[in-house]
$ cat entry_27.pdb   # PDB, C-alpha atoms and all ligand atoms
ATOM      1  CA  MET H 250      58.043-264.929-139.391
ATOM      2  CA  LYS H 251      56.582-262.422-136.953
ATOM      3  CA  ASN H 252      55.888-258.720-137.320
ATOM      4  CA  ILE H 253      55.776-255.629-135.145
ATOM      5  CA  THR H 254      54.650-252.049-135.751
ATOM      6  CA  LEU H 255      56.863-249.103-134.942
ATOM      7  CA  MET H 256      57.872-245.655-136.139
ATOM      8  CA  LEU H 257      60.855-245.583-138.490
ATOM      9  CA  ASN H 258      62.192-242.222-139.645
ATOM     10  CA  GLY H 259      58.829-240.583-139.024
ATOM     11  CA  LYS H 260      56.695-243.249-140.728
ATOM     12  CA  LYS H 261      54.601-245.942-139.153
ATOM     13  CA  GLU H 262      55.851-249.314-140.417
ATOM     14  CA  THR H 263      54.872-252.929-139.860
ATOM     15  CA  ILE H 264      58.036-254.964-140.285
ATOM     16  CA  TYR H 265      58.542-258.728-140.525
ATOM     17  CA  PHE H 266      61.445-260.395-138.756
ATOM     18  CA  GLU H 267      62.835-263.718-137.564
ATOM     19  CA  GLU H 268      63.089-264.435-133.841
ATOM     20  CA  GLY H 269      66.814-263.673-133.418
ATOM     21  CA  ASP H 270      67.125-260.724-135.844
ATOM     22  CA  THR H 271      68.958-257.686-134.532
ATOM     23  CA  LEU H 272      67.816-254.138-135.198
ATOM     24  CA  LEU H 273      70.959-253.621-137.301
ATOM     25  CA  TYR H 274      70.143-256.619-139.498
ATOM     26  CA  VAL H 275      66.547-255.494-140.040
ATOM     27  CA  LEU H 276      67.556-251.910-140.861
ATOM     28  CA  ARG H 277      70.233-252.850-143.369
ATOM     29  CA  ASP H 278      69.052-256.111-144.856
ATOM     30  CA  ARG H 279      65.299-255.868-144.674
ATOM     31  CA  MET H 280      64.670-252.120-144.908
ATOM     32  CA  GLY H 281      67.645-251.209-147.132
ATOM     33  CA  LEU H 282      68.798-248.459-144.749
ATOM     34  CA  THR H 283      72.508-249.020-145.238
ATOM     35  CA  GLY H 284      73.633-245.700-143.754
ATOM     36  CA  THR H 285      73.819-247.535-140.430
ATOM     37  CA  LYS H 286      77.051-249.492-140.585
ATOM     38  CA  PHE H 287      78.051-252.994-139.532
ATOM     39  CA  GLY H 288      81.440-252.621-137.839
ATOM     40  CA  CYS H 289      82.342-255.049-135.072
ATOM     41  CA  GLY H 290      78.918-256.652-134.624
ATOM     42  CA  TYR H 291      79.244-256.914-130.850
ATOM     43  CA  GLY H 292      78.703-253.469-129.372
ATOM     44  CA  VAL H 293      82.225-252.047-129.295
ATOM     45  CA  CYS H 294      82.818-249.757-132.298
ATOM     46  CA  GLY H 295      79.634-247.626-132.363
ATOM     47  CA  ALA H 296      79.261-247.715-136.157
ATOM     48  CA  CYS H 297      75.745-249.156-135.866
ATOM     49  CA  THR H 298      74.396-246.464-133.504
ATOM     50  CA  VAL H 299      70.825-245.270-134.121
ATOM     51  CA  VAL H 300      68.347-243.390-131.934
ATOM     52  CA  VAL H 301      65.560-245.443-130.347
ATOM     53  CA  SER H 302      62.893-243.453-128.516
ATOM     54  CA  GLY H 303      65.409-240.709-127.768
ATOM     55  CA  GLU H 304      68.344-242.901-126.706
ATOM     56  CA  ALA H 305      71.454-243.650-128.756
ATOM     57  CA  VAL H 306      71.691-247.446-128.980
ATOM     58  CA  ARG H 307      74.009-249.924-130.653
ATOM     59  CA  SER H 308      71.672-251.590-133.077
ATOM     60  CA  CYS H 309      73.850-254.723-133.360
ATOM     61  CA  LYS H 310      73.019-255.457-129.704
ATOM     62  CA  VAL H 311      69.250-254.886-129.827
ATOM     63  CA  LEU H 312      66.879-257.707-130.657
ATOM     64  CA  PHE H 313      64.274-256.433-133.077
ATOM     65  CA  LYS H 314      61.481-258.282-131.319
ATOM     66  CA  THR H 315      61.809-255.932-128.310
ATOM     67  CA  LEU H 316      60.897-252.822-130.327
ATOM     68  CA  GLU H 317      57.086-252.883-130.626
ATOM     69  CA  GLY H 318      55.925-249.238-130.647
ATOM     70  CA  ALA H 319      59.466-247.801-130.619
ATOM     71  CA  ASN H 320      60.391-244.578-132.381
ATOM     72  CA  ILE H 321      63.524-245.242-134.428
ATOM     73  CA  LEU H 322      65.622-242.636-136.188
ATOM     74  CA  THR H 323      68.481-243.536-138.515
ATOM     75  CA  ILE H 324      70.865-241.320-140.464
ATOM     76  CA  GLU H 325      68.468-241.505-143.438
ATOM     77  CA  GLY H 326      65.809-239.717-141.397
ATOM     78  CA  LEU H 327      67.913-236.675-140.458
ATOM     79  CA  ALA H 328      68.242-234.540-143.578
ATOM     80  CA  ASN H 329      65.335-232.397-144.698
ATOM     81  CA  GLY H 330      65.158-233.331-148.384
ATOM     82  CA  LYS H 331      68.498-232.242-149.838
ATOM     83  CA  LYS H 332      69.216-229.946-146.889
ATOM     84  CA  LEU H 333      71.593-231.611-144.450
ATOM     85  CA  HIS H 334      70.728-231.684-140.774
ATOM     86  CA  PRO H 335      72.854-229.112-138.886
ATOM     87  CA  ILE H 336      74.915-231.900-137.289
ATOM     88  CA  GLN H 337      75.674-233.372-140.709
ATOM     89  CA  GLN H 338      76.548-229.882-141.986
ATOM     90  CA  ALA H 339      78.874-229.313-139.022
ATOM     91  CA  PHE H 340      80.781-232.490-139.940
ATOM     92  CA  VAL H 341      81.238-231.145-143.455
ATOM     93  CA  ASP H 342      82.225-227.687-142.184
ATOM     94  CA  ALA H 343      84.781-229.123-139.725
ATOM     95  CA  ASN H 344      86.223-231.621-142.254
ATOM     96  CA  ALA H 345      85.227-234.413-139.896
ATOM     97  CA  VAL H 346      84.141-236.849-142.600
ATOM     98  CA  GLN H 347      87.041-238.944-143.871
ATOM     99  CA  CYS H 348      86.097-242.372-145.248
ATOM    100  CA  GLY H 349      82.748-241.732-143.544
ATOM    101  CA  PHE H 350      82.230-245.269-142.247
ATOM    102  CA  CYS H 351      81.945-244.319-138.582
ATOM    103  CA  THR H 352      80.255-240.962-139.248
ATOM    104  CA  PRO H 353      76.560-241.977-139.233
ATOM    105  CA  GLY H 354      76.913-243.619-135.818
ATOM    106  CA  ILE H 355      78.636-240.568-134.353
ATOM    107  CA  VAL H 356      76.089-238.174-135.852
ATOM    108  CA  MET H 357      73.233-240.184-134.344
ATOM    109  CA  GLU H 358      75.031-240.313-130.982
ATOM    110  CA  LEU H 359      75.354-236.514-131.020
ATOM    111  CA  TYR H 360      71.734-236.097-132.056
ATOM    112  CA  ALA H 361      70.585-238.015-128.985
ATOM    113  CA  LEU H 362      73.121-236.273-126.735
ATOM    114  CA  PHE H 363      72.346-232.691-127.764
ATOM    115  CA  SER H 364      68.594-233.251-127.739
ATOM    116  CA  LYS H 365      68.914-233.960-124.008
ATOM    117  CA  GLU H 366      72.079-232.128-122.963
ATOM    118  CA  PRO H 367      72.727-229.144-125.248
ATOM    119  CA  ASP H 368      75.184-227.670-122.725
ATOM    120  CA  VAL H 369      77.226-230.823-122.225
ATOM    121  CA  SER H 370      80.791-230.229-120.945
ATOM    122  CA  ASN H 371      83.896-230.927-123.033
ATOM    123  CA  ASP H 372      84.826-233.824-120.749
ATOM    124  CA  ARG H 373      81.421-235.433-121.132
ATOM    125  CA  LEU H 374      81.511-234.844-124.889
ATOM    126  CA  LYS H 375      84.914-236.539-125.093
ATOM    127  CA  GLU H 376      83.677-239.418-122.961
ATOM    128  CA  VAL H 377      80.699-239.982-125.275
ATOM    129  CA  LEU H 378      82.763-239.660-128.449
ATOM    130  CA  SER H 379      85.438-241.987-127.070
ATOM    131  CA  LYS H 380      82.970-244.862-127.308
ATOM    132  CA  HIS H 381      83.145-244.565-131.108
ATOM    133  CA  LEU H 382      86.100-246.030-132.956
ATOM    134  CA  CYS H 383      87.247-244.207-136.079
ATOM    135  CA  ARG H 384      89.827-246.094-138.138
ATOM    136  CA  CYS H 385      90.685-242.907-140.011
ATOM    137  CA  THR H 386      91.550-241.507-136.549
ATOM    138  CA  GLY H 387      90.386-237.944-137.199
ATOM    139  CA  TYR H 388      89.276-237.545-133.606
ATOM    140  CA  GLU H 389      90.196-233.895-133.351
ATOM    141  CA  SER H 390      88.070-232.895-136.318
ATOM    142  CA  ILE H 391      85.178-235.005-134.990
ATOM    143  CA  PHE H 392      85.412-233.188-131.648
ATOM    144  CA  ASN H 393      85.583-229.848-133.505
ATOM    145  CA  ALA H 394      82.423-230.753-135.433
ATOM    146  CA  ALA H 395      80.624-231.527-132.171
ATOM    147  CA  LYS H 396      81.759-228.199-130.716
ATOM    148  CA  LEU H 397      80.573-226.421-133.843
ATOM    149  CA  VAL H 398      77.134-227.913-133.299
ATOM    150  CA  GLN H 399      77.185-226.824-129.686
ATOM    151  CA  LYS H 400      78.525-223.332-130.378
ATOM    152  CA  ASN H 401      75.767-222.627-132.808
ATOM    153  CA  GLU H 402      72.972-222.672-130.271
ATOM    154  CA  SER H 403      70.338-222.994-132.941
ATOM    155  CA  TYR H 404      71.818-226.388-133.916
ATOM    156  CA  ALA H 405      71.353-227.820-130.449
ATOM    157  CA  LYS H 406      67.980-226.183-129.909
ATOM    158  CA  GLN H 407      66.767-227.452-133.269
ATOM    159  CA  ASP H 408      67.703-230.964-132.163
ATOM    160  CA  LYS H 409      65.665-230.627-129.010
ATOM    161  CA  LYS H 410      62.694-229.340-130.990
ATOM    162  CA  ASP H 411      63.052-232.057-133.666
ATOM    163  CA  PHE H 412      63.148-234.690-131.004
ATOM    164  CA  GLU H 413      60.144-233.380-129.116
ATOM    165  CA  ARG H 414      58.128-233.078-132.336
ATOM    166  CA  ALA H 415      59.094-236.604-133.454
ATOM    167  CA  ALA H 416      58.241-238.046-130.038
ATOM    168  CA  LYS H 417      54.819-236.325-130.088
ATOM    169  CA  LEU H 418      54.082-237.504-133.632
ATOM    170  CA  ALA H 419      55.151-241.022-132.743
ATOM    171  CA  ARG H 420      52.799-241.111-129.764
ATOM    172  CA  GLU H 421      49.919-239.894-131.945
ATOM    173  CA  TYR H 422      50.615-242.294-134.840
ATOM    174  CA  MET H 423      50.973-245.299-132.600
ATOM    175  CA  LYS H 424      47.558-244.603-131.060
ATOM    176  CA  GLU H 425      45.841-244.751-134.481
TER     177      GLU H 425
HETATM  178  S1  LIG J 501      78.650-252.872-135.163
HETATM  179 FE1  LIG J 501      77.506-252.392-133.397
HETATM  180  S2  LIG J 501      78.945-251.556-132.023
HETATM  181 FE2  LIG J 501      80.158-252.212-133.712
HETATM  182  S1  LIG J 502      85.910-241.568-140.918
HETATM  183 FE1  LIG J 502      86.776-243.436-141.554
HETATM  184  S2  LIG J 502      86.421-244.779-139.912
HETATM  185 FE2  LIG J 502      85.841-242.862-139.154
END
$ encode --input "entry_27.pdb" --output "structure tokens" --more "lines below"
Ligand code: FES
Ligand code: FES
Amino acid sequence: MKNITLMLNGKKETIYFEEGDTLLYVLRDRMGLTGTKFGCGYGVCGACTVVVSGEAVRSCKVLFKTLEGANILTIEGLANGKKLHPIQQAFVDANAVQCGFCTPGIVMELYALFSKEPDVSNDRLKEVLSKHLCRCTGYESIFNAAKLVQKNESYAKQDKKDFERAAKLAREYMKE
């Protein structure tokens, strides 16, 4: 077994892994972070999406061994105690959570998107969301939730601030 050190949900962690382990496997099976879902397992459905150093990535396609020093955020790292993150709250407010299986991946996708492009156009938003498959098919309510986030400027700005703060902390921790 090998190990690497990285930031996971704001904490510095040294994590053991086997050569071919994916990020999704390590998150769910080694770290117990089961909010990230195993859907297709080959990069198509989006259920396994997490944020790695600011980018939304499909964790089933990422080899864990490539992540030394990365800053990883999963759905478990979003809420502030019992207070939902504004994106999570928008999904509740827009009735966009059905069975909820695809929801964590979409929320993380939007987190990465809005932290970089708070003023994203509807077409671009649809394009990004279309890469996520929802078997409950509530696409309209998912789009409405994303618009709710965007309409409430403080949601999108908070994301940008959260991301910048997390990136700064990660750089400082990794230097220690
Ligand atoms: S489980 Fe990774 S994209 Fe479907
Ligand atoms: S909410 Fe059920 S799969 Fe998307």
$ residues_near_ligand --input "entry_27.pdb" --ligand "ligand LIG 502 (chain J)" --cutoff "6 Å" --atoms "all atoms listed in the file" --output "PyMOL selection string"
chain H and resi 346-352+383-385
$ write_last_selection --input "entry_27.pdb" --atoms "C-alpha atoms" --output "CSV table (one decimal), in the frame of the given file"
chain,number,residue,atom,x,y,z
H,346,VAL,CA,84.1,-236.8,-142.6
H,347,GLN,CA,87.0,-238.9,-143.9
H,348,CYS,CA,86.1,-242.4,-145.2
H,349,GLY,CA,82.7,-241.7,-143.5
H,350,PHE,CA,82.2,-245.3,-142.2
H,351,CYS,CA,81.9,-244.3,-138.6
H,352,THR,CA,80.3,-241.0,-139.2
H,383,CYS,CA,87.2,-244.2,-136.1
H,384,ARG,CA,89.8,-246.1,-138.1
H,385,CYS,CA,90.7,-242.9,-140.0
$ residues_near_ligand --input "entry_27.pdb" --ligand "ligand LIG 501 (chain J)" --cutoff "7 Å" --atoms "all atoms listed in the file" --output "MDAnalysis selection string"
chainID H and resid 286:298 307:310
$ atom_distance --input "entry_27.pdb" --atom1 "atom CA of Ala328 of chain H" --atom2 "atom CA of Leu312 of chain H"
26.6 Å
$ atom_distance --input "entry_27.pdb" --atom1 "atom CA of Phe313 of chain H" --atom2 "atom CA of Val356 of chain H"
21.9 Å
$ atom_distance --input "entry_27.pdb" --atom1 "atom CA of Tyr360 of chain H" --atom2 "atom CA of Gly269 of chain H"
28.0 Å
$ resolve_selection --input "entry_27.pdb" --expression "the PyMOL selection byres (((chain H and resi 375) around 12) and not hetatm)" --output "ChimeraX atom specification"
/H:355,359,362,369-374,376-381,388-389,391-393,395-396
$ closest_residue --input "entry_27.pdb" --among "H:Gln337, H:Ser302, H:Thr315, H:Thr386" --to "Ser364 of chain H" --atoms "all atoms listed in the file"
H:Ser302
$ closest_residue --input "entry_27.pdb" --among "H:Leu382, H:Val275, H:Ala345, H:Ile336" --to "Phe363 of chain H" --atoms "all atoms listed in the file"
H:Ile336
$ residues_near_point --input "entry_27.pdb" --point "(70.8, -253.7, -135.3)" --cutoff "6 Å" --atoms "only C-alpha atoms" --output "list in words"
Thr271, Leu272, Leu273, Tyr274, Ser308, Cys309 and Val311 of chain H
$ closest_residue --input "entry_27.pdb" --among "H:Asp368, H:Glu267, H:Glu325, H:Glu317" --to "Val300 of chain H" --atoms "only C-alpha atoms"
H:Glu325
$ resolve_selection --input "entry_27.pdb" --expression "the PyMOL selection byres (((chain H and resi 321) around 10) and not hetatm)" --output "PDB file with C-alpha atoms, keeping the file's coordinate frame"
ATOM      1  CA  LEU H 255      56.863-249.103-134.942  1.00  0.00           C
ATOM      2  CA  MET H 256      57.872-245.655-136.139  1.00  0.00           C
ATOM      3  CA  LEU H 257      60.855-245.583-138.490  1.00  0.00           C
ATOM      4  CA  ASN H 258      62.192-242.222-139.645  1.00  0.00           C
ATOM      5  CA  GLY H 259      58.829-240.583-139.024  1.00  0.00           C
ATOM      6  CA  LYS H 260      56.695-243.249-140.728  1.00  0.00           C
ATOM      7  CA  LEU H 272      67.816-254.138-135.198  1.00  0.00           C
ATOM      8  CA  VAL H 299      70.825-245.270-134.121  1.00  0.00           C
ATOM      9  CA  VAL H 300      68.347-243.390-131.934  1.00  0.00           C
ATOM     10  CA  VAL H 301      65.560-245.443-130.347  1.00  0.00           C
ATOM     11  CA  SER H 302      62.893-243.453-128.516  1.00  0.00           C
ATOM     12  CA  GLY H 303      65.409-240.709-127.768  1.00  0.00           C
ATOM     13  CA  GLU H 304      68.344-242.901-126.706  1.00  0.00           C
ATOM     14  CA  ALA H 305      71.454-243.650-128.756  1.00  0.00           C
ATOM     15  CA  LEU H 316      60.897-252.822-130.327  1.00  0.00           C
ATOM     16  CA  GLY H 318      55.925-249.238-130.647  1.00  0.00           C
ATOM     17  CA  ALA H 319      59.466-247.801-130.619  1.00  0.00           C
ATOM     18  CA  ASN H 320      60.391-244.578-132.381  1.00  0.00           C
ATOM     19  CA  LEU H 322      65.622-242.636-136.188  1.00  0.00           C
ATOM     20  CA  THR H 323      68.481-243.536-138.515  1.00  0.00           C
ATOM     21  CA  GLY H 326      65.809-239.717-141.397  1.00  0.00           C
ATOM     22  CA  ALA H 415      59.094-236.604-133.454  1.00  0.00           C
ATOM     23  CA  ALA H 416      58.241-238.046-130.038  1.00  0.00           C
ATOM     24  CA  ALA H 419      55.151-241.022-132.743  1.00  0.00           C
TER      25      ALA H 419
END
$ closest_residue --input "entry_27.pdb" --among "H:Ile324, H:Thr263, H:Ala394, H:Gln399" --to "Arg277 of chain H" --atoms "only C-alpha atoms"
H:Ile324
$ residues_around --input "entry_27.pdb" --residues "Ala339 of chain H" --least-positions-apart "3" --cutoff "7 Å" --atoms "all atoms listed in the file" --output "PyMOL selection string"
chain H and resi 335-336+342-343+394+397-398
$ closest_residue --input "entry_27.pdb" --among "H:Phe340, H:Pro353, H:Lys261, H:Val306" --to "Leu282 of chain H" --atoms "only C-alpha atoms"
H:Pro353
$ closest_residue --input "entry_27.pdb" --among "H:Arg279, H:Arg420, H:Lys400, H:Lys410" --to "Ile264 of chain H" --atoms "all atoms listed in the file"
H:Arg279
